[in-house]
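Input: a single structure, listed below in C-alpha cells.
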Amino acid sequence: PVYIICQGHDGCFQSPPEVDNSIESACSRISIGAKLIQSVTAEKLYESGFGRKTFQLEHEVNQKSPECIVFRSNLNVNKARKMRQSELWTYFGRELMLSDLGSNERKYLAFISCTRFKGTDIDKSMTHDEIVSLAEAHAALGGGGLALFGTACLYTWPTTVAEIIPSFEDVRPVNTRRFMDDSGYRCTLGGCYATTLGSVFHELGHTFDLGHTKDGIMGRGFDNLDRVFLVGDKRSSLVKDNMNNYNGKPVQHSTVSLQRNINVTMNVAEPLRVLGPRSKTTLGNFASMAKSDIIRRSPNVTPITRPS
C-alpha cells in the first residue's frame with residue numbers, strides 16, 4: 001500500500017475535527033484495510049477449493065519496509081484537484097514506476113491524501129454520480145498495475161484491529177453536507193466503511209486482470225463486504241431493505257452476499273500489465289513512454305458506478 005502526498009499538501013486527509021487525520025493515522029487505516037482484503041481473498045479462494053492463497057504485502061517480503069509507504073509526489077495539490085480520475089491514474093502510475101518503488105513485480109494499491117469533498121447546501125438525496133462530482137482529487141480506478149483511490153471516506157476506516165467490528169456496525173449518519181457519502185445509499189458511517197473497503201477490493205481485482213461479473217466482488221457485491229465479518233441478529237439489523245436503492249428504484253441488477261463463492265470472468269492478458277487487460281504496454285516499458293501515448297492508452301477497466 002502507498003499513501004500519496006501531493007506537493008503543497010500536508011498529508012492530512014479530510015475528516016471531522018474529532019478524528020485523527022494525520023499521516024500516521026492514514027497509514028494505520030490503509031494497512032489494516034489491505035490486510036483485511038488479503039484475508040478475505042484467502043478465505044474466498046479456500047471456499048472455492050483453491051486453498052488459502054492470497055497476494056503478499058510489501059512488508060511481508062521486505063521486513064525493512066513499512067506496512068504503508070508514504071510517497072511524496074511532484075504533482076501540485078491544486079492541479080491534482082482539477083484532474084479527472086483517469087488523469088490521476090496515469091500521472092501517479094508513471095511517477096511510481098519512475099521512482100525507487102518502480103518494479104515489474106509489484107502491484108500498487110495507492111491512496112491520494114488530498115481528496116476533498118467540497119460540501120453542499122442541497123437538502124435532498126443525491127445520486128452517487130452527483131456526490132462524486134462534488135469531490136476533488138477523488139479516484140476509484142484500477143487496472144494493470146495500479147489501483148488508485150481517494151480518501152474522502154478514510155475517516156470511517158478503523159486504525160486498530162479492535163475497531164474493525166465497531167466500524168462496520170457504526171450506524172451514525174454521515175454528515176452529507178460536509179463529507180462524502182459513499183455507502184451504497186445506507187447513509188451511515190459503517191456503510192461508508194463497507195462500501196469503500198469493498199470498492200478497494202474490487203479495483204485491486206482489476207489489477208489481477210479480473211473483469212466485471214454479474215455479482216460478487218467484481219460486481220456490486222463489494223457493497224456487502226461487511227457481511228463477511230458480521231453475523232447473527234446484529235448483522236441483520238444493519239442491512240436495510242432499500243440498500244443500493246435511490247428513491248425506491250434499484251440501481252443494480254442484484255444485491256449479493258459474500259457468503260457465496262466468488263465467480264470471476266477473466267480477461268485474457270499478458271501478466272503484469274500496467275494499462276489494463278488490452279494494453280500492449282507492460283510495467284517494464286511504462287516509465288519510458290511519452291505522456292501523450294500514456295493518455296491515449298488510459299485504463300479501459302472502469303469502476304462500476306451507480307446509475308441515476
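Scheme for the C-alpha cells: letters A, B, ... for chains in order shown; per-chain residue numbers from 1; ligand numbers from 1 in order shown.
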
Helix (DSSP H, G or I) residues, from DSSP on the backbone, in stretch 57-257 of chain A, as number ranges by chain: A: 58-61, 77-80, 85-98, 128-132, 154-156, 161-168, 189-207, 220-228, 232-238

What are the nearest atom pairs, with distances in Å to one decimal, for all residues of stretch 158-231 of chain A that come at most 10 Å from stretch 120-132 of chain A, using only C-alpha atoms, set out by chain and rising residue number as CSV?
```
residue,atom,partner,partner_atom,distance
A:Thr176,CA,A:Thr120,CA,7.8
A:Arg177,CA,A:Thr120,CA,5.0
A:Arg178,CA,A:Thr120,CA,6.8
A:Phe179,CA,A:Thr120,CA,9.0
A:Met180,CA,A:Ile131,CA,6.8
A:Asp181,CA,A:Ile131,CA,7.3
A:Asp182,CA,A:His128,CA,7.3
A:Ser183,CA,A:His128,CA,9.3
A:Gly184,CA,A:His128,CA,8.3
A:Tyr185,CA,A:His128,CA,8.3
```

Would you output that residue set with C-alpha atoms, as a tab-separated table (two decimals), in the first residue's frame?
```
chain	number	residue	atom	x	y	z
A	176	THR	CA	-23.70	14.60	3.91
A	177	ARG	CA	-23.36	18.38	3.72
A	178	ARG	CA	-19.72	18.29	4.74
A	179	PHE	CA	-18.47	14.78	3.96
A	180	MET	CA	-18.74	12.30	1.12
A	181	ASP	CA	-21.39	9.59	1.48
A	182	ASP	CA	-20.19	6.51	-0.40
A	183	SER	CA	-22.26	3.94	1.47
A	184	GLY	CA	-24.48	2.32	-1.13
A	185	TYR	CA	-27.25	4.73	-0.05
```

Check stretch 1-114 of chain A with DSSP on the backbone and list each residue it calls strand (DSSP E), as number ranges by chain. A: 2-7, 69-76, 108-112

Would you pick out the contacts of stretch 79-93 of chain A at 6 Å or less, using only C-alpha atoms, so that residues sharing its chain but fewer than 5 positions from it are not included, and give the list as a PyMOL selection string? chain A and resi 136-137+139

Could you name the residues that touch A:Asn21 at 12 Å or less, counting only C-alpha atoms, but leaving out those on the same chain fewer than 2 positions away, as a ChimeraX atom specification? /A:10-19,23-29,113-114,151-159

May I have the selected residues written with C-alpha atoms, as a compact mmCIF listing (two decimals), in the first residue's frame?
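Resulting contents of out_4.txt:
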```
# COMPACT_ATOMS: atom_id res chain seq x y z
CA ASP A 10 0.27 18.45 4.49
CA GLY A 11 -0.81 14.82 4.08
CA CYS A 12 -3.81 15.10 6.41
CA PHE A 13 -6.91 13.51 4.87
CA GLN A 14 -10.35 15.13 5.13
CA SER A 15 -12.18 14.20 8.32
CA PRO A 16 -14.37 15.57 11.13
CA PRO A 17 -12.36 17.57 13.70
CA GLU A 18 -12.56 14.84 16.35
CA VAL A 19 -10.92 12.24 14.06
CA ILE A 23 -0.27 10.73 8.02
CA GLU A 24 0.35 8.08 10.68
CA SER A 25 -3.39 7.56 11.16
CA ALA A 26 -3.92 7.27 7.40
CA CYS A 27 -1.23 4.62 7.11
CA SER A 28 -2.69 2.64 10.01
CA ARG A 29 -6.15 2.65 8.40
CA SER A 113 -4.17 12.24 0.63
CA CYS A 114 -5.61 15.47 -0.81
CA THR A 151 -9.51 9.33 0.85
CA ALA A 152 -12.78 11.21 1.35
CA CYS A 153 -14.19 8.31 3.41
CA LEU A 154 -10.94 7.13 5.00
CA TYR A 155 -12.03 8.67 8.31
CA THR A 156 -14.62 5.86 8.62
CA TRP A 157 -11.91 3.18 8.50
CA PRO A 158 -10.51 1.67 11.74
CA THR A 159 -6.98 2.31 12.98
```

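Residue nearest A:Ala140, chosen from A:Ala194, A:Val200, A:Val171, A:Leu101 and counting only C-alpha atoms: A:Val200.
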
Neighbouring residues of stretch 222-228 of chain A were defined as those with any atom within 6 Å, considering only C-alpha atoms; residues of the same chain fewer than 2 positions away were excluded. Please report them as a ChimeraX atom specification. /A:194-195,198,217,220,230

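If you look at atom CA of A:Gly143 and atom CA of A:Arg94, they are 13.4 Å away from each other.
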
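The space separating atom CA of A:Phe229 from atom CA of A:Phe117 comes to 28.7 Å.
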
Using only C-alpha atoms, which residues of stretch 84-151 of chain A come within 12 Å of stretch 39-60 of chain A, and what is the closest atom pair for each, with the distance in Å to one decimal? Give it as JSON lines, sorted by chain and residue number.
```
{"residue": "A:Leu101", "atom": "CA", "partner": "A:Glu58", "partner_atom": "CA", "distance": 10.6}
{"residue": "A:Ser103", "atom": "CA", "partner": "A:Glu58", "partner_atom": "CA", "distance": 11.9}
{"residue": "A:Glu105", "atom": "CA", "partner": "A:Glu58", "partner_atom": "CA", "distance": 10.7}
{"residue": "A:Arg106", "atom": "CA", "partner": "A:Glu58", "partner_atom": "CA", "distance": 8.5}
{"residue": "A:Lys107", "atom": "CA", "partner": "A:Leu57", "partner_atom": "CA", "distance": 9.5}
{"residue": "A:Tyr108", "atom": "CA", "partner": "A:Glu58", "partner_atom": "CA", "distance": 9.9}
{"residue": "A:Leu109", "atom": "CA", "partner": "A:Leu57", "partner_atom": "CA", "distance": 10.0}
```

Atomic separation - atom CA of A:Gly145 relative to atom CA of A:Gly216, Å: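 Distance reported for this atom pair: 21.8 Å.
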
Using only C-alpha atoms, which residues sit within 6 Å of A:Glu169 once same-chain residues fewer than 2 positions away are excluded, as a short mmCIF file (atom, residue, chain, number, x, y, z; two decimals) with N, CA and C atoms, in the first residue's frame?
```
data_model
loop_
_atom_site.label_atom_id
_atom_site.label_comp_id
_atom_site.auth_asym_id
_atom_site.auth_seq_id
_atom_site.Cartn_x
_atom_site.Cartn_y
_atom_site.Cartn_z
N PRO A 166 -16.66 -2.68 15.40
CA PRO A 166 -17.42 -1.46 15.70
C PRO A 166 -17.54 -0.52 14.50
N SER A 167 -16.52 -0.48 13.65
CA SER A 167 -16.58 0.39 12.47
C SER A 167 -17.63 -0.10 11.48
N GLY A 190 -20.80 3.21 9.02
CA GLY A 190 -20.49 1.80 8.79
C GLY A 190 -20.70 1.41 7.34
#
```
